[in-house]
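upload_25.csv, holding CSV, C-alpha atoms:
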chain,number,residue,atom,x,y,z
A,11,MET,CA,-189.0,131.2,27.8
A,12,GLY,CA,-185.2,131.7,27.7
A,13,LYS,CA,-184.7,128.2,26.4
A,14,LEU,CA,-187.1,128.8,23.5
A,15,PHE,CA,-185.3,131.8,22.2
A,16,ALA,CA,-181.9,130.3,22.8
A,17,SER,CA,-182.9,127.2,20.7
A,18,LEU,CA,-184.2,129.5,17.9
A,19,TYR,CA,-180.9,131.5,17.9
A,20,LEU,CA,-178.8,128.4,17.9
A,21,TYR,CA,-180.9,126.9,15.0
A,22,ILE,CA,-180.4,130.1,12.9
A,23,ILE,CA,-176.6,130.1,13.5
A,24,VAL,CA,-176.1,126.4,12.7
A,25,SER,CA,-178.4,126.6,9.7
A,26,LEU,CA,-176.4,129.6,8.2
A,27,PHE,CA,-173.2,127.7,8.6
A,28,LEU,CA,-174.6,124.5,7.0
A,29,VAL,CA,-176.3,126.4,4.2
A,30,SER,CA,-173.1,128.4,3.4
A,31,GLY,CA,-171.1,125.1,3.2
A,32,VAL,CA,-173.7,123.5,0.9
A,33,ILE,CA,-173.8,126.6,-1.4
A,34,GLU,CA,-170.0,126.6,-1.6
A,35,GLN,CA,-170.0,123.0,-2.7
A,36,LEU,CA,-172.8,123.2,-5.2
A,37,TRP,CA,-172.2,126.6,-6.6
A,38,PRO,CA,-168.5,127.4,-6.1
A,39,TYR,CA,-167.1,130.8,-6.7
A,40,GLU,CA,-165.2,130.9,-10.0
A,41,ASP,CA,-161.8,132.5,-10.1
A,42,SER,CA,-162.4,133.5,-13.7
A,43,GLN,CA,-164.9,136.0,-12.5
A,44,GLN,CA,-162.2,138.1,-10.9
A,45,GLN,CA,-161.9,141.6,-12.2
A,46,ILE,CA,-158.8,141.1,-14.2
A,47,ALA,CA,-159.2,144.4,-16.0
A,48,LEU,CA,-157.6,146.2,-13.0
A,49,ASP,CA,-154.7,143.9,-12.3
A,50,ASP,CA,-151.1,145.1,-12.5
A,51,GLU,CA,-150.2,142.1,-14.7
A,52,PHE,CA,-152.9,143.2,-17.1
A,53,GLY,CA,-151.4,146.7,-17.3
A,54,HIS,CA,-147.8,145.3,-17.7
A,55,SER,CA,-149.0,143.0,-20.5
A,56,LEU,CA,-150.6,145.9,-22.3
A,57,TRP,CA,-147.3,147.8,-22.1
A,58,LEU,CA,-145.3,144.9,-23.5
A,59,LEU,CA,-147.8,144.6,-26.4
A,60,ALA,CA,-147.6,148.3,-27.1
A,61,GLN,CA,-143.9,148.1,-27.8
A,62,THR,CA,-144.5,146.1,-31.0
A,63,PRO,CA,-146.7,146.8,-34.1
A,64,GLN,CA,-148.2,143.4,-33.9
A,65,GLY,CA,-149.1,144.0,-30.3
A,66,LEU,CA,-150.9,147.2,-31.0
A,67,THR,CA,-152.9,145.3,-33.6
A,68,LYS,CA,-153.9,142.6,-31.1
A,69,VAL,CA,-154.9,145.1,-28.5
A,70,ALA,CA,-157.1,146.9,-31.1
A,71,SER,CA,-158.8,143.7,-32.0
A,72,ARG,CA,-159.8,143.0,-28.4
A,73,PHE,CA,-160.4,146.4,-27.0
A,74,GLN,CA,-161.3,149.9,-28.1
A,75,SER,CA,-158.0,151.7,-28.4
A,76,LYS,CA,-156.3,154.7,-30.0
A,77,ILE,CA,-153.0,156.6,-29.8
A,78,VAL,CA,-153.1,160.0,-27.9
A,79,GLN,CA,-150.4,162.5,-27.2
A,80,LYS,CA,-148.9,162.5,-23.7
A,81,GLN,CA,-149.1,166.3,-23.6
A,82,ASP,CA,-152.9,166.2,-24.2
A,83,LEU,CA,-153.4,164.1,-21.0
A,84,MET,CA,-153.4,166.4,-17.9
A,85,LEU,CA,-152.7,164.3,-14.8
A,86,PRO,CA,-152.0,165.3,-11.2
A,87,VAL,CA,-148.3,165.1,-10.2
A,88,GLN,CA,-148.7,161.9,-8.2
A,89,GLN,CA,-150.4,160.0,-11.1
A,90,GLN,CA,-147.9,161.5,-13.6
A,91,GLN,CA,-145.1,160.1,-11.5
A,92,GLU,CA,-146.8,156.7,-11.4
A,93,LEU,CA,-147.2,156.7,-15.2
A,94,ASN,CA,-143.5,157.5,-15.6
A,95,LEU,CA,-142.5,154.8,-13.1
A,96,HIS,CA,-144.7,151.9,-14.4
A,97,ASN,CA,-145.3,153.1,-18.0
A,98,TYR,CA,-149.1,152.5,-17.5
A,99,ILE,CA,-151.9,153.8,-15.4
A,100,TYR,CA,-155.7,153.4,-15.3
A,101,LEU,CA,-158.4,156.0,-14.6
A,102,PHE,CA,-162.2,155.9,-14.4
A,103,ASP,CA,-164.7,157.9,-16.4
A,104,GLN,CA,-168.1,159.2,-15.3
A,105,GLN,CA,-169.7,155.8,-15.9
A,106,GLN,CA,-167.1,154.2,-13.6
A,107,ARG,CA,-165.5,152.4,-16.6
A,108,ALA,CA,-161.7,151.7,-16.6
A,109,ILE,CA,-159.5,153.5,-19.1
A,110,TRP,CA,-155.8,152.4,-19.4
A,111,TYR,CA,-153.0,154.7,-20.6
A,112,ILE,CA,-150.0,152.8,-21.8
A,113,ALA,CA,-146.7,154.5,-22.7
A,114,VAL,CA,-145.7,153.8,-26.3
A,115,ASP,CA,-142.7,156.1,-26.4
A,116,ASN,CA,-141.8,159.4,-24.8
A,117,GLU,CA,-144.4,161.4,-26.8
A,118,GLN,CA,-147.3,159.0,-27.3
A,119,LEU,CA,-149.8,157.0,-25.1
A,120,LEU,CA,-152.0,154.1,-26.0
A,121,GLN,CA,-155.5,154.6,-24.7
A,122,VAL,CA,-157.3,151.3,-24.1
A,123,GLY,CA,-161.0,151.4,-23.1
A,124,PRO,CA,-163.3,152.3,-21.7
A,125,ILE,CA,-163.7,148.8,-20.2
A,126,THR,CA,-166.8,148.0,-18.2
A,127,VAL,CA,-165.9,146.4,-14.8
A,128,SER,CA,-168.8,144.2,-13.6
A,129,ALA,CA,-169.2,142.6,-10.3
A,130,PRO,CA,-169.6,138.8,-10.3
A,131,VAL,CA,-173.1,137.5,-9.9
A,132,PHE,CA,-174.6,134.2,-9.3
A,133,SER,CA,-176.1,132.6,-12.3
A,134,SER,CA,-178.8,130.8,-10.3
A,135,VAL,CA,-181.4,131.7,-7.7
A,136,TRP,CA,-181.2,128.2,-6.1
A,137,PRO,CA,-178.8,129.3,-3.3
A,138,TYR,CA,-181.3,131.9,-2.1
A,139,LEU,CA,-184.3,129.5,-2.3
A,140,LEU,CA,-182.3,126.9,-0.3
A,141,LEU,CA,-181.5,129.5,2.3
A,142,LEU,CA,-185.2,130.5,2.5
A,143,CYS,CA,-186.4,126.9,2.9
A,144,VAL,CA,-183.8,125.8,5.5
A,145,VAL,CA,-184.0,129.0,7.6
A,146,GLY,CA,-187.2,130.9,6.7
A,147,ILE,CA,-189.8,128.2,6.8
A,148,PRO,CA,-188.8,126.5,10.1
A,149,VAL,CA,-188.5,129.9,11.8
A,150,GLY,CA,-191.9,131.0,10.4
A,151,LEU,CA,-193.5,127.8,11.7
A,152,TRP,CA,-191.8,128.2,15.0
A,153,SER,CA,-193.1,131.8,15.2
A,154,PHE,CA,-196.6,130.8,14.3
A,155,LEU,CA,-196.8,128.1,17.0
A,156,LEU,CA,-195.4,130.6,19.5
A,157,TRP,CA,-198.0,133.2,18.4
A,158,ARG,CA,-200.8,130.7,18.7
A,159,ASP,CA,-199.8,129.8,22.3
A,160,PHE,CA,-199.4,133.4,23.2
A,161,ALA,CA,-203.0,134.1,22.0
A,162,LYS,CA,-204.3,131.2,24.1
A,163,LEU,CA,-202.3,132.4,27.1
A,164,ARG,CA,-203.8,135.9,26.7
A,165,LEU,CA,-207.3,134.5,26.6
A,166,ALA,CA,-206.5,132.4,29.7
A,167,CYS,CA,-205.2,135.4,31.6
A,168,GLU,CA,-208.4,137.3,30.8
A,169,ALA,CA,-210.6,134.3,31.9
A,170,VAL,CA,-208.7,133.3,35.0
A,171,GLY,CA,-210.2,136.2,37.0
A,172,GLY,CA,-213.7,135.3,36.2
A,173,SER,CA,-216.0,132.3,36.5
A,174,GLN,CA,-215.5,131.0,33.0
A,175,ASP,CA,-213.1,128.2,32.3
A,176,PHE,CA,-210.3,128.2,29.8
A,177,GLU,CA,-208.9,125.3,27.7
A,178,LEU,CA,-205.2,125.9,27.4
A,179,SER,CA,-203.5,122.8,28.7
A,180,ALA,CA,-205.4,120.4,26.5
A,181,THR,CA,-202.4,119.9,24.3
A,182,SER,CA,-199.2,118.5,25.7
A,183,LYS,CA,-197.2,120.1,22.9
A,184,SER,CA,-197.8,123.7,24.0
A,185,PHE,CA,-194.7,125.8,24.7
A,186,PHE,CA,-196.4,127.2,27.8
A,187,LEU,CA,-197.4,123.9,29.4
A,188,PRO,CA,-195.7,124.7,32.8
A,189,ILE,CA,-197.4,128.1,32.8
A,190,THR,CA,-200.8,126.6,32.0
A,191,ASP,CA,-200.6,124.3,35.0
A,192,THR,CA,-199.9,127.2,37.2
A,193,LEU,CA,-202.8,129.2,35.7
A,194,SER,CA,-205.1,126.2,36.2
A,195,ALA,CA,-204.1,126.0,39.9
A,196,MET,CA,-204.5,129.7,40.3
A,197,GLN,CA,-207.9,129.7,38.7
A,198,GLN,CA,-209.1,127.0,41.0
A,199,ARG,CA,-207.9,128.9,44.0
A,200,ILE,CA,-209.6,132.1,42.8
A,201,GLN,CA,-212.8,130.2,42.1
A,202,HIS,CA,-212.7,128.7,45.5
A,203,LEU,CA,-212.2,132.1,47.2
A,204,LEU,CA,-215.0,133.7,45.1
A,205,THR,CA,-217.4,130.8,45.9
A,206,ALA,CA,-216.6,131.1,49.6
A,207,GLN,CA,-217.1,134.8,49.6
A,208,GLN,CA,-220.4,134.5,47.8
A,209,GLU,CA,-221.7,131.8,50.1
A,210,LEU,CA,-220.6,133.9,53.1
A,211,THR,CA,-222.4,137.0,51.8
A,212,SER,CA,-225.6,135.1,51.0
A,213,SER,CA,-225.6,133.1,54.3
A,214,VAL,CA,-225.0,136.1,56.5
A,215,SER,CA,-227.7,138.1,54.6
A,216,HIS,CA,-230.2,135.3,55.2
A,217,GLU,CA,-229.2,135.0,58.8
A,218,PHE,CA,-229.8,138.7,59.4
A,219,ARG,CA,-233.5,138.3,58.6
A,220,THR,CA,-234.5,136.3,61.6
A,221,PRO,CA,-233.0,138.6,64.3
A,222,LEU,CA,-234.4,141.6,62.4
A,223,ALA,CA,-237.9,140.1,62.5
A,224,ARG,CA,-237.5,139.5,66.2
A,225,LEU,CA,-236.4,143.1,66.8
A,226,LYS,CA,-239.4,144.4,64.8
A,227,PHE,CA,-241.8,142.2,66.8
A,228,ALA,CA,-240.1,143.3,70.1
A,229,LEU,CA,-240.4,147.0,69.2
A,230,ALA,CA,-244.0,146.6,68.3
A,231,MET,CA,-244.7,144.9,71.7
A,232,LEU,CA,-242.6,147.6,73.5
A,233,GLU,CA,-244.7,150.5,72.0
A,234,ASP,CA,-247.8,149.2,73.9
A,235,LYS,CA,-246.1,149.3,77.2
A,236,VAL,CA,-244.1,152.6,77.0
A,237,ALA,CA,-245.7,155.8,78.2
A,238,ASP,CA,-242.7,158.1,78.1
A,239,GLU,CA,-242.8,160.4,75.0
A,240,LYS,CA,-239.0,160.5,74.9
A,241,ALA,CA,-238.9,156.7,74.7
A,242,PHE,CA,-241.0,156.8,71.6
A,243,GLU,CA,-238.3,158.9,69.9
A,244,TYR,CA,-235.7,156.2,70.6
A,245,ILE,CA,-238.1,153.5,69.3
A,246,ASP,CA,-238.7,155.4,66.1
A,247,ASN,CA,-234.9,155.7,65.6
A,248,MET,CA,-234.5,152.0,66.2
A,249,GLN,CA,-237.2,151.2,63.7
A,250,LEU,CA,-235.5,153.4,61.1
A,251,ASP,CA,-232.2,151.5,61.8
A,252,ILE,CA,-234.1,148.2,61.3
A,253,VAL,CA,-235.5,149.4,58.0
A,254,GLU,CA,-232.0,150.4,56.9
A,255,LEU,CA,-230.7,147.0,57.8
A,256,GLU,CA,-233.5,145.3,55.9
A,257,SER,CA,-232.6,147.4,52.8
A,258,LEU,CA,-229.0,146.4,53.2
A,259,VAL,CA,-229.8,142.7,53.5
A,260,LYS,CA,-232.0,142.9,50.4
A,261,GLU,CA,-229.3,144.7,48.3
A,262,MET,CA,-226.7,142.2,49.5
A,263,LEU,CA,-228.8,139.3,48.5
A,264,ASP,CA,-229.5,140.8,45.1
A,265,TYR,CA,-225.8,141.5,44.5
A,266,ALA,CA,-224.8,138.0,45.7
A,267,ARG,CA,-227.3,136.5,43.4
A,268,LEU,CA,-226.0,138.5,40.4
A,269,ASP,CA,-222.4,138.0,41.4
A,270,SER,CA,-222.6,134.2,41.8
A,271,GLN,CA,-222.9,133.5,38.1
A,272,GLN,CA,-224.1,135.1,34.9
A,273,PRO,CA,-227.8,134.3,34.5
A,274,ASN,CA,-229.4,133.1,31.3
A,275,LEU,CA,-230.1,136.4,29.5
A,276,THR,CA,-233.4,136.7,27.7
A,277,VAL,CA,-232.0,138.5,24.6
A,278,GLN,CA,-234.5,140.2,22.3
A,279,THR,CA,-234.7,143.3,20.3
A,280,CYS,CA,-236.3,146.2,22.2
A,281,ASN,CA,-236.7,150.0,21.9
A,282,LEU,CA,-234.3,151.6,24.3
A,283,VAL,CA,-236.1,154.9,24.1
A,284,GLN,CA,-239.3,153.4,25.4
A,285,LEU,CA,-237.3,151.5,28.1
A,286,VAL,CA,-235.7,154.8,29.3
A,287,GLU,CA,-239.0,156.6,29.3
A,288,SER,CA,-240.7,153.9,31.3
A,289,VAL,CA,-238.0,154.0,33.9
A,290,VAL,CA,-238.0,157.8,34.1
A,291,THR,CA,-241.8,157.8,34.5
A,292,LYS,CA,-241.6,155.5,37.5
A,293,LEU,CA,-238.9,157.5,39.2
A,294,ASP,CA,-240.4,160.9,38.3
A,295,PHE,CA,-243.5,160.2,40.4
A,296,ALA,CA,-242.1,161.1,43.8
A,297,THR,CA,-239.3,163.7,43.2
A,298,GLN,CA,-239.0,167.4,42.7
A,299,ILE,CA,-235.9,167.1,40.6
A,300,LYS,CA,-236.3,168.0,36.9
A,301,LEU,CA,-235.6,165.0,34.7
A,302,ASN,CA,-234.5,166.2,31.3
A,303,MET,CA,-234.4,163.5,28.6
A,304,GLN,CA,-232.5,163.9,25.3
A,305,LEU,CA,-233.6,160.8,23.3
A,306,PRO,CA,-233.8,159.9,19.6
A,307,ALA,CA,-237.1,159.0,18.1
A,308,LEU,CA,-236.2,155.3,17.9
A,309,CYS,CA,-233.2,153.2,19.1
A,310,SER,CA,-233.5,149.4,18.6
A,311,TYR,CA,-231.1,147.3,20.5
A,312,THR,CA,-230.7,143.5,21.2
A,313,CYS,CA,-230.4,142.9,24.9
A,314,ASP,CA,-232.1,141.6,28.1
A,315,SER,CA,-234.5,144.4,28.6
A,316,HIS,CA,-235.2,143.5,32.2
A,317,PHE,CA,-231.5,143.8,33.3
A,318,ILE,CA,-230.8,146.9,31.1
A,319,ALA,CA,-233.9,148.6,32.6
A,320,ARG,CA,-232.5,147.8,36.1
A,321,SER,CA,-229.2,149.3,35.3
A,322,ILE,CA,-230.8,152.5,33.9
A,323,GLN,CA,-233.0,152.7,37.0
A,324,ASN,CA,-230.0,152.4,39.3
A,325,LEU,CA,-228.2,155.2,37.4
A,326,VAL,CA,-231.1,157.5,37.4
A,327,GLY,CA,-232.0,156.7,41.0
A,328,ASN,CA,-228.4,157.4,42.0
A,329,ALA,CA,-228.4,160.7,40.2
A,330,LEU,CA,-231.7,161.8,41.9
A,331,LYS,CA,-230.2,161.2,45.3
A,332,TYR,CA,-227.4,163.8,44.8
A,333,ALA,CA,-228.9,166.2,42.2
A,334,ARG,CA,-229.9,169.7,43.4
A,335,HIS,CA,-232.2,170.7,40.6
A,336,GLU,CA,-231.7,168.7,37.4
A,337,VAL,CA,-230.9,165.2,36.1
A,338,ARG,CA,-230.1,164.8,32.4
A,339,ILE,CA,-230.6,161.4,30.5
A,340,SER,CA,-229.2,161.2,27.0
A,341,LEU,CA,-229.1,158.4,24.5
A,342,VAL,CA,-227.0,158.3,21.3
A,343,GLU,CA,-226.7,155.6,18.7
A,344,ASN,CA,-223.9,155.3,16.1
A,345,THR,CA,-222.7,152.6,13.8
A,346,GLY,CA,-220.8,150.6,16.4
A,347,GLN,CA,-222.4,151.2,19.8
A,348,VAL,CA,-225.2,152.7,21.9
A,349,ILE,CA,-224.2,155.4,24.4
A,350,LEU,CA,-226.4,156.1,27.4
A,351,SER,CA,-225.4,159.0,29.8
A,352,VAL,CA,-226.9,160.0,33.1
A,353,GLU,CA,-225.6,163.2,34.7
A,354,ASP,CA,-226.7,165.5,37.6
A,355,ASP,CA,-225.9,168.9,39.0
A,356,GLY,CA,-224.9,167.6,42.5
A,357,PRO,CA,-221.6,167.8,44.3
A,358,GLY,CA,-219.9,165.4,41.9
A,359,ILE,CA,-217.2,162.9,42.6
A,360,GLU,CA,-213.4,163.6,42.9
A,361,GLN,CA,-211.4,162.1,40.1
A,362,SER,CA,-209.2,160.2,42.6
A,363,GLN,CA,-212.3,158.2,43.6
A,364,TRP,CA,-213.5,157.3,40.1
A,365,ASP,CA,-211.9,153.9,40.1
A,366,ALA,CA,-213.7,152.9,43.3
A,367,VAL,CA,-217.2,154.0,42.2
A,368,PHE,CA,-218.3,150.7,40.6
A,369,LYS,CA,-216.8,148.5,43.4
A,370,PRO,CA,-219.4,147.0,45.9
A,371,PHE,CA,-219.8,148.7,49.2
A,372,ALA,CA,-217.8,151.7,48.0
A,373,ARG,CA,-218.0,154.7,50.4
A,374,LEU,CA,-217.1,158.0,48.9
A,375,ASP,CA,-216.8,161.5,50.5
A,376,LYS,CA,-219.2,162.9,53.1
A,377,SER,CA,-221.3,164.5,50.4
A,378,ARG,CA,-222.4,160.9,49.4
A,379,ASP,CA,-222.8,159.1,52.7
A,380,LYS,CA,-225.6,156.6,53.7
A,381,LYS,CA,-227.9,159.5,54.8
A,382,THR,CA,-228.7,160.0,51.1
A,383,GLY,CA,-229.6,156.3,50.9
A,384,GLY,CA,-227.9,153.3,49.4
A,385,PHE,CA,-225.1,151.1,50.4
A,386,GLY,CA,-222.7,151.2,47.5
A,387,LEU,CA,-224.2,148.3,45.6
A,388,GLY,CA,-226.3,150.0,43.0
A,389,LEU,CA,-223.4,151.0,40.7
A,390,ALA,CA,-221.7,147.7,41.2
A,391,ILE,CA,-224.9,146.0,39.9
A,392,VAL,CA,-224.9,148.3,36.9
A,393,ALA,CA,-221.3,147.4,36.1
A,394,LYS,CA,-222.1,143.7,36.4
A,395,ILE,CA,-225.1,143.9,34.1
A,396,VAL,CA,-223.2,146.0,31.5
A,397,SER,CA,-220.4,143.5,31.5
A,398,TRP,CA,-222.9,140.7,30.7
A,399,HIS,CA,-223.7,142.7,27.6
A,400,GLN,CA,-220.0,143.1,26.6
A,401,GLY,CA,-220.2,146.8,27.4
A,402,SER,CA,-218.4,149.2,29.7
A,403,CYS,CA,-219.1,151.9,32.2
A,404,THR,CA,-217.3,155.1,32.8
A,405,ILE,CA,-217.5,158.2,35.0
A,406,SER,CA,-216.6,161.8,34.2
A,407,ASN,CA,-217.4,165.4,35.2
A,408,SER,CA,-220.8,166.7,34.0
A,409,GLU,CA,-221.4,170.0,32.3
A,410,LEU,CA,-224.1,170.5,34.9
A,411,GLY,CA,-221.5,170.4,37.7
A,412,GLY,CA,-222.0,167.0,39.1
A,413,ALA,CA,-221.1,163.5,38.0
A,414,LYS,CA,-221.7,161.9,34.6
A,415,PHE,CA,-222.1,158.1,34.2
A,416,THR,CA,-221.9,156.7,30.7
A,417,ILE,CA,-222.7,153.2,29.5
A,418,TYR,CA,-221.3,151.9,26.2
A,419,LEU,CA,-223.2,149.0,24.7
A,420,PRO,CA,-221.7,147.5,21.5
A,421,LYS,CA,-224.0,146.7,18.7

As structure tokens, what does this structure read like?
Amino acid sequence: MGKLFASLYLYIIVSLFLVSGVIEQLWPYEDSQQQIALDDEFGHSLWLLAQTPQGLTKVASRFQSKIVQKQDLMLPVQQQQELNLHNYIYLFDQQQRAIWYIAVDNEQLLQVGPITVSAPVFSSVWPYLLLLCVVGIPVGLWSFLLWRDFAKLRLACEAVGGSQDFELSATSKSFFLPITDTLSAMQQRIQHLLTAQQELTSSVSHEFRTPLARLKFALAMLEDKVADEKAFEYIDNMQLDIVELESLVKEMLDYARLDSQQPNLTVQTCNLVQLVESVVTKLDFATQIKLNMQLPALCSYTCDSHFIARSIQNLVGNALKYARHEVRISLVENTGQVILSVEDDGPGIEQSQWDAVFKPFARLDKSRDKKTGGFGLGLAIVAKIVSWHQGSCTISNSELGGAKFTIYLPK
């Protein structure tokens, strides 16, 4: 990167030197454009002409002039001394025009002017156009190519962490070719690690099923041969542990299947209001928690209704686990997005743990342990589904006192 900007800097410096030389040769600066009206030689010439009648006539034919009395001109001491010494002096009026005062004799002065003093200007715009073409156009093209490669590099950095590929090193003229090679190698390494992790999770989950089935069979056989009442209590606890392990295996398989790759979404227009109501109806069947819905009359949205319904079910089910009395579900639609919020009046989540909520197998404080059910995969699945729909998930404090989960779905 340092070589790129060094080459640009060097090009600008060299171009300026070359262009200035060409301009000097093609449009040289004319000495006649000097401001001769302020030279001492000009003032001395006027004084010499003022000593003769013919000279006064010549001055009057070229410049505006008149005879004034010396006593009528009030000058500071220093300028009065200069006038006495050189017999001429020039002053400026309010319009910054030069006015010469030339001594004719001891009593009279010749006032010449005012004379407009103009700065020299170029009579052509070609030097500026040449400078623009030689310096501006190449630098603009260089900047455009650099901006193009920066945009591709940004997209590559966003894609390198996921399963999608990026096409950045297709052109050998890219400024970032060494970086793209490194990114390609890094993406392959990340993809290899993700694939290994997914295969491990799926394989281990499947392998758990066989010993769990043997344990269930062994416990069923053991119940027929045990007569001690206390032993039945241990057997019941063991069966609960097996059920918990089976639930964990099922959630791990579900998450591994969703995390392996994005499925082919069945996108169609659906009514989110009906979708939320159907989910709430199923979950409201076996709970004493009040489910309060704040929904519009209609909210049409284009999505995969199966996966969106699952994300809503996970959010509402998660809220029911920790709510004391009430769970509130709200749906808002505006011009740019659809906002779905689920909040409860439970113990809530500390702000320091908000970043870890949507990570798989995230364990929070004691108020949200495995006794309430779940293994930290429900919210991770929600985040995965929402990302497929180009949306986002956030968590905040609820007005009810607990946690508030919000899904933003772009339209």

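The shortest atom-to-atom distance to Leu225 in chain A, with all atoms listed in the file taken into account, belongs to A:Leu250 out of A:Leu250, A:Glu209, A:Leu308, A:Gly356.
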
Find the residues near range 93-110 of chain A: any atom within 12 Å, counting only C-alpha atoms, skip ones fewer than 6 places away on the same chain, and give them as number ranges by chain.
A: 45-61, 69, 73-78, 80, 83-87, 116-128

Counting only C-alpha atoms, which residues of range 241-342 of chain A sit at most 12 Å from some atom of range 403-420 of chain A, and what is each one's closest atom pair with its distance in Å to one decimal, listed by chain and rising residue number, as JSON lines?
{"residue": "A:Leu282", "atom": "CA", "partner": "A:Leu419", "partner_atom": "CA", "distance": 11.4}
{"residue": "A:Asn302", "atom": "CA", "partner": "A:Leu410", "partner_atom": "CA", "distance": 11.8}
{"residue": "A:Ser310", "atom": "CA", "partner": "A:Leu419", "partner_atom": "CA", "distance": 12.0}
{"residue": "A:Tyr311", "atom": "CA", "partner": "A:Leu419", "partner_atom": "CA", "distance": 9.1}
{"residue": "A:Thr312", "atom": "CA", "partner": "A:Pro420", "partner_atom": "CA", "distance": 9.9}
{"residue": "A:Cys313", "atom": "CA", "partner": "A:Leu419", "partner_atom": "CA", "distance": 9.4}
{"residue": "A:Ile318", "atom": "CA", "partner": "A:Leu419", "partner_atom": "CA", "distance": 10.2}
{"residue": "A:Ser321", "atom": "CA", "partner": "A:Ile417", "partner_atom": "CA", "distance": 9.5}
{"residue": "A:Ile322", "atom": "CA", "partner": "A:Ile417", "partner_atom": "CA", "distance": 9.2}
{"residue": "A:Asn324", "atom": "CA", "partner": "A:Phe415", "partner_atom": "CA", "distance": 11.0}
{"residue": "A:Leu325", "atom": "CA", "partner": "A:Phe415", "partner_atom": "CA", "distance": 7.5}
{"residue": "A:Val326", "atom": "CA", "partner": "A:Phe415", "partner_atom": "CA", "distance": 9.6}
{"residue": "A:Asn328", "atom": "CA", "partner": "A:Phe415", "partner_atom": "CA", "distance": 10.1}
{"residue": "A:Ala329", "atom": "CA", "partner": "A:Ala413", "partner_atom": "CA", "distance": 8.1}
{"residue": "A:Leu330", "atom": "CA", "partner": "A:Gly412", "partner_atom": "CA", "distance": 11.4}
{"residue": "A:Lys331", "atom": "CA", "partner": "A:Gly412", "partner_atom": "CA", "distance": 11.8}
{"residue": "A:Tyr332", "atom": "CA", "partner": "A:Gly412", "partner_atom": "CA", "distance": 8.5}
{"residue": "A:Ala333", "atom": "CA", "partner": "A:Gly412", "partner_atom": "CA", "distance": 7.6}
{"residue": "A:Arg334", "atom": "CA", "partner": "A:Gly412", "partner_atom": "CA", "distance": 9.4}
{"residue": "A:His335", "atom": "CA", "partner": "A:Leu410", "partner_atom": "CA", "distance": 9.9}
{"residue": "A:Glu336", "atom": "CA", "partner": "A:Leu410", "partner_atom": "CA", "distance": 8.2}
{"residue": "A:Val337", "atom": "CA", "partner": "A:Leu410", "partner_atom": "CA", "distance": 8.7}
{"residue": "A:Arg338", "atom": "CA", "partner": "A:Leu410", "partner_atom": "CA", "distance": 8.6}
{"residue": "A:Ile339", "atom": "CA", "partner": "A:Lys414", "partner_atom": "CA", "distance": 9.8}
{"residue": "A:Ser340", "atom": "CA", "partner": "A:Thr416", "partner_atom": "CA", "distance": 9.3}
{"residue": "A:Leu341", "atom": "CA", "partner": "A:Ile417", "partner_atom": "CA", "distance": 9.6}
{"residue": "A:Val342", "atom": "CA", "partner": "A:Tyr418", "partner_atom": "CA", "distance": 9.9}

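Going from CA of Val277 in chain A to CA of Phe317 in chain A covers 10.2 Å.
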
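Here CA of Glu343 in chain A and CA of Val283 in chain A stand 10.9 Å from one another.
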
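Distance check against Trp136 in chain A using all atoms listed in the file: of A:Leu66, A:Ala206, A:Val29, A:Val348, the minimum falls on A:Val29.
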
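CA of Ser351 in chain A is found 17.3 Å from CA of Asp294 in chain A.
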
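For the residues A:Arg158, A:Lys292, A:Arg320, A:Arg72, ranking by smallest atom-to-atom distance to Val392 in chain A using all atoms listed in the file places A:Arg320 first.
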
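If you measure from each of A:Ala223, A:Ile299, A:Ala390, A:Leu203 to Leu255 in chain A using only C-alpha atoms, the closest one turns out to be A:Ala223.
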